[in-house]
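Chemist: Starting off with a structure, shown below.
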Amino acid sequence: MNDPAHAIERLAQRLGAELRAQHLTLVTAESCTAGGIGFAVTLVPGSSGWYDRGFITYSNESKQQILGVAPAYLRDFGAVSEPVARSMALGALSHSAAQVALAVTGIAGPEGGSPTKPVGTVCFAWALPRDPTSAPWVKTDTMRLEGDRAAVRTLSIVIALETLIGLLKQRQDV
């Protein structure tokens, strides 16, 4: 990633083209990236046609209040977990007009890590529509990213966008 800003902008353009082609809109729910994904996608002219809104839910309280993340998930799994990322994505969908959601929660550092969840641990969730009578399909993943705070956040944005583009291209029900 020689020029991360340029790479992110190109990914955002590709994502927008894919969403437009499938007549879908996106909502984001971000914690450790603090709106970086929303910023990236709105760099693209015309993004208002495929980006509905973004939620920045940095605190546990905001995850509960804004996205409806269950307190039990936060207690039992922690804010940086796949169940919480999944709940963030589904909560973002239920609080928006979008059909596609992307959620990110992680530990960018330099503090905040633990032996089981070291700095650089990032959990992702992507929710995509199936047929109109079914609940969204959700993919989750956890990654351990290397680098300082800025690198972890930047890589998180790249991974979130790249993965969503790939998932949209794989959809069979369009």
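Chains: A, B, ... in order of the structure tokens. Residues: from 1 per chain. Ligands: from 1, in order shown.
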For Gly109 in chain A, work out the shell of residues within 10 Å, counting only C-alpha atoms and skipping chain neighbours fewer than 6 positions away, then give it as a compact mmCIF listing (two decimals) with all heavy atoms, in the first residue's frame.
Modeler:
# COMPACT_ATOMS: atom_id res chain seq x y z
N CYS A 32 -13.52 1.70 15.83
CA CYS A 32 -12.09 2.06 15.80
C CYS A 32 -11.70 2.91 14.59
O CYS A 32 -10.72 3.63 14.64
CB CYS A 32 -11.21 0.82 15.90
SG CYS A 32 -11.25 -0.26 14.47
N PRO A 118 -4.98 -8.55 21.60
CA PRO A 118 -3.89 -7.57 21.54
C PRO A 118 -4.23 -6.38 20.65
O PRO A 118 -5.16 -6.44 19.83
CB PRO A 118 -2.72 -8.37 20.97
CG PRO A 118 -3.34 -9.50 20.24
CD PRO A 118 -4.64 -9.80 20.92
N VAL A 119 -3.46 -5.31 20.82
CA VAL A 119 -3.59 -4.15 19.95
C VAL A 119 -3.47 -4.65 18.50
O VAL A 119 -2.64 -5.49 18.18
CB VAL A 119 -2.49 -3.11 20.26
CG1 VAL A 119 -2.42 -2.04 19.18
CG2 VAL A 119 -2.75 -2.48 21.62
N GLY A 120 -4.33 -4.14 17.65
CA GLY A 120 -4.37 -4.57 16.26
C GLY A 120 -5.48 -5.57 15.98
O GLY A 120 -5.71 -5.94 14.83
N THR A 121 -6.19 -6.01 17.02
CA THR A 121 -7.31 -6.92 16.82
C THR A 121 -8.50 -6.11 16.31
O THR A 121 -8.90 -5.12 16.92
CB THR A 121 -7.71 -7.62 18.14
OG1 THR A 121 -6.59 -8.32 18.66
CG2 THR A 121 -8.87 -8.58 17.92
N GLY A 147 1.18 -2.75 13.00
CA GLY A 147 1.48 -1.35 12.78
C GLY A 147 0.99 -0.48 13.92
O GLY A 147 0.40 -0.94 14.89
N ASP A 148 1.23 0.82 13.75
CA ASP A 148 0.80 1.78 14.76
C ASP A 148 -0.69 2.07 14.59
O ASP A 148 -1.36 1.49 13.73
CB ASP A 148 1.64 3.06 14.68
CG ASP A 148 1.48 3.81 13.36
OD1 ASP A 148 0.60 3.46 12.54
OD2 ASP A 148 2.24 4.76 13.13
N ARG A 149 -1.21 2.96 15.40
CA ARG A 149 -2.64 3.29 15.41
C ARG A 149 -3.14 3.68 14.01
O ARG A 149 -4.17 3.20 13.55
CB ARG A 149 -2.87 4.42 16.41
CG ARG A 149 -4.30 4.86 16.56
CD ARG A 149 -4.41 5.92 17.67
NE ARG A 149 -5.79 6.34 17.85
CZ ARG A 149 -6.69 5.67 18.55
NH1 ARG A 149 -6.35 4.54 19.14
NH2 ARG A 149 -7.93 6.14 18.67
N ALA A 150 -2.41 4.56 13.35
CA ALA A 150 -2.83 5.01 12.01
C ALA A 150 -2.84 3.84 11.03
O ALA A 150 -3.76 3.73 10.21
CB ALA A 150 -1.92 6.12 11.52
N VAL A 152 -3.23 0.60 11.67
CA VAL A 152 -4.34 -0.32 11.98
C VAL A 152 -5.65 0.25 11.45
O VAL A 152 -6.45 -0.46 10.83
CB VAL A 152 -4.41 -0.61 13.50
CG1 VAL A 152 -5.71 -1.31 13.87
CG2 VAL A 152 -3.21 -1.44 13.95
N ARG A 153 -5.88 1.52 11.67
CA ARG A 153 -7.12 2.15 11.19
C ARG A 153 -7.19 2.15 9.66
O ARG A 153 -8.22 1.84 9.07
CB ARG A 153 -7.24 3.56 11.76
CG ARG A 153 -7.52 3.54 13.26
CD ARG A 153 -7.34 4.87 13.93
NE ARG A 153 -8.08 5.94 13.29
CZ ARG A 153 -8.94 6.73 13.91
NH1 ARG A 153 -9.16 6.59 15.19
NH2 ARG A 153 -9.55 7.69 13.26
Chemist: What parts of range 104-138 of chain A does DSSP call strand (DSSP E)? I'd like the answer as a PyMOL selection string.
Modeler: chain A and resi 104-106+121-128+137-138
Chemist: Store the residues picked out above, limited to all heavy atoms, as a tab-separated table (two decimals), in the first residue's frame.
Modeler:
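out_26.tsv written:
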chain	number	residue	atom	x	y	z
A	104	VAL	N	-17.28	-2.15	11.85
A	104	VAL	CA	-15.89	-2.36	12.26
A	104	VAL	C	-15.76	-1.97	13.73
A	104	VAL	O	-16.23	-0.92	14.13
A	104	VAL	CB	-14.97	-1.51	11.39
A	104	VAL	CG1	-13.78	-1.01	12.10
A	104	VAL	CG2	-14.52	-2.23	10.18
A	105	THR	N	-15.11	-2.84	14.51
A	105	THR	CA	-14.80	-2.54	15.91
A	105	THR	C	-13.45	-3.16	16.22
A	105	THR	O	-13.17	-4.29	15.80
A	105	THR	CB	-15.91	-3.03	16.86
A	105	THR	OG1	-15.58	-2.69	18.20
A	105	THR	CG2	-16.18	-4.53	16.75
A	106	GLY	N	-12.58	-2.43	16.88
A	106	GLY	CA	-11.24	-2.97	17.12
A	106	GLY	C	-10.44	-2.18	18.11
A	106	GLY	O	-10.92	-1.21	18.71
A	121	THR	N	-6.19	-6.01	17.02
A	121	THR	CA	-7.31	-6.92	16.82
A	121	THR	C	-8.50	-6.11	16.31
A	121	THR	O	-8.90	-5.12	16.92
A	121	THR	CB	-7.71	-7.62	18.14
A	121	THR	OG1	-6.59	-8.32	18.66
A	121	THR	CG2	-8.87	-8.58	17.92
A	122	VAL	N	-9.03	-6.50	15.16
A	122	VAL	CA	-10.15	-5.79	14.56
A	122	VAL	C	-11.18	-6.82	14.11
A	122	VAL	O	-10.85	-7.82	13.48
A	122	VAL	CB	-9.69	-4.94	13.35
A	122	VAL	CG1	-10.86	-4.18	12.74
A	122	VAL	CG2	-8.59	-3.96	13.76
A	123	CYS	N	-12.44	-6.55	14.45
A	123	CYS	CA	-13.55	-7.41	14.05
A	123	CYS	C	-14.42	-6.66	13.04
A	123	CYS	O	-14.71	-5.47	13.20
A	123	CYS	CB	-14.39	-7.80	15.26
A	123	CYS	SG	-13.45	-8.74	16.49
A	124	PHE	N	-14.81	-7.37	12.02
A	124	PHE	CA	-15.58	-6.82	10.91
A	124	PHE	C	-16.90	-7.59	10.77
A	124	PHE	O	-16.96	-8.77	11.09
A	124	PHE	CB	-14.83	-7.00	9.58
A	124	PHE	CG	-13.48	-6.36	9.53
A	124	PHE	CD1	-12.35	-7.03	9.96
A	124	PHE	CD2	-13.34	-5.08	9.02
A	124	PHE	CE1	-11.10	-6.44	9.90
A	124	PHE	CE2	-12.08	-4.48	8.95
A	124	PHE	CZ	-10.96	-5.17	9.39
A	125	ALA	N	-17.90	-6.91	10.22
A	125	ALA	CA	-19.14	-7.58	9.82
A	125	ALA	C	-19.65	-6.90	8.56
A	125	ALA	O	-19.57	-5.67	8.43
A	125	ALA	CB	-20.19	-7.52	10.91
A	126	TRP	N	-20.13	-7.72	7.64
A	126	TRP	CA	-20.73	-7.24	6.40
A	126	TRP	C	-22.10	-7.90	6.29
A	126	TRP	O	-22.19	-9.13	6.34
A	126	TRP	CB	-19.88	-7.62	5.19
A	126	TRP	CG	-18.48	-7.10	5.25
A	126	TRP	CD1	-18.02	-5.91	4.74
A	126	TRP	CD2	-17.32	-7.73	5.83
A	126	TRP	NE1	-16.68	-5.79	4.97
A	126	TRP	CE2	-16.22	-6.89	5.64
A	126	TRP	CE3	-17.13	-8.94	6.50
A	126	TRP	CZ2	-14.95	-7.20	6.08
A	126	TRP	CZ3	-15.86	-9.26	6.96
A	126	TRP	CH2	-14.78	-8.39	6.74
A	127	ALA	N	-23.15	-7.11	6.13
A	127	ALA	CA	-24.50	-7.65	5.99
A	127	ALA	C	-25.03	-7.31	4.61
A	127	ALA	O	-24.96	-6.15	4.19
A	127	ALA	CB	-25.42	-7.07	7.07
A	128	LEU	N	-25.52	-8.32	3.91
A	128	LEU	CA	-26.02	-8.15	2.55
A	128	LEU	C	-27.40	-8.75	2.42
A	128	LEU	O	-27.72	-9.72	3.12
A	128	LEU	CB	-25.09	-8.83	1.54
A	128	LEU	CG	-23.76	-8.13	1.32
A	128	LEU	CD1	-22.71	-8.65	2.24
A	128	LEU	CD2	-23.34	-8.27	-0.10
A	137	TRP	N	-27.90	-11.71	5.07
A	137	TRP	CA	-26.78	-12.63	5.26
A	137	TRP	C	-25.64	-11.82	5.86
A	137	TRP	O	-25.37	-10.71	5.41
A	137	TRP	CB	-26.39	-13.22	3.91
A	137	TRP	CG	-25.18	-14.08	3.97
A	137	TRP	CD1	-25.13	-15.39	4.37
A	137	TRP	CD2	-23.84	-13.71	3.63
A	137	TRP	NE1	-23.84	-15.85	4.28
A	137	TRP	CE2	-23.02	-14.84	3.85
A	137	TRP	CE3	-23.25	-12.54	3.17
A	137	TRP	CZ2	-21.66	-14.83	3.61
A	137	TRP	CZ3	-21.90	-12.53	2.94
A	137	TRP	CH2	-21.11	-13.66	3.15
A	138	VAL	N	-25.00	-12.36	6.89
A	138	VAL	CA	-23.94	-11.62	7.57
A	138	VAL	C	-22.66	-12.45	7.59
A	138	VAL	O	-22.68	-13.63	7.98
A	138	VAL	CB	-24.32	-11.25	9.02
A	138	VAL	CG1	-23.21	-10.45	9.68
A	138	VAL	CG2	-25.63	-10.48	9.06
Chemist: May I ask which of the residues A:Val158, A:Leu24, A:Leu145, A:Leu93 is the closest one to Ile37 in chain A, counting only C-alpha atoms?
Modeler: A:Val158
Chemist: How many Å separate CA of Val27 in chain A from CA of Ser134 in chain A?
Modeler: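 These atoms are spaced 18.8 Å apart.
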Chemist: Counting only C-alpha atoms, which of A:Phe77, A:Phe55, A:Trp50, A:Phe39 gets nearest to Gln99 in chain A?
Modeler: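 Comparing A:Phe77, A:Phe55, A:Trp50, A:Phe39 against Gln99 in chain A, the winner is A:Trp50.
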Chemist: Could you please determine the separation between CA of Val41 in chain A and CA of Ala12 in chain A in Å, to one decimal place?
Modeler: 5.0 Å
Chemist: For Ala79 in chain A, find every residue with an atom within 9 Å (counting only C-alpha atoms), except residues of its own chain fewer than 6 positions away, and show them as an MDAnalysis selection string.
Modeler: chainID A and resid 59:60 63 73 85 105:106
Chemist: Excluding same-chain residues fewer than 4 positions from Ile8 in chain A, what lies within 12 Å of it counting only C-alpha atoms, as a count of residues only?
Modeler: 27
Chemist: Work out how far CA of Val84 in chain A is from CA of Ala108 in chain A, in Å to one decimal.
Modeler: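 Between CA of Ala108 in chain A and CA of Val84 in chain A the gap is 16.6 Å.
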Chemist: In range 44-151 of chain A, what's helix (DSSP H, G or I) per DSSP? Answer as a ChimeraX atom specification?
Modeler: /A:47-49,60-67,71-77,82-94,149-151
Chemist: Restricting the calculation to only C-alpha atoms: of A:His95, A:Arg75, A:Arg20, A:Arg86, which residue gets closest to Ser48 in chain A?
Modeler: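 For Ser48 in chain A, the nearest of the candidates is A:Arg20.
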Chemist: Find the residue from A:Leu74, A:Gly112, A:Tyr58, A:Val69 that sits nearest to Thr33 in chain A; use only C-alpha atoms when measuring.
Modeler: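 So, comparing all the options, the nearest one is A:Tyr58.
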Chemist: Which one of A:His6, A:Asp52, A:Ser62, A:Ser31 sits closest to Leu19 in chain A if you count only C-alpha atoms?
Modeler: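 Among A:His6, A:Asp52, A:Ser62, A:Ser31, it is A:Asp52 that comes nearest to Leu19 in chain A.
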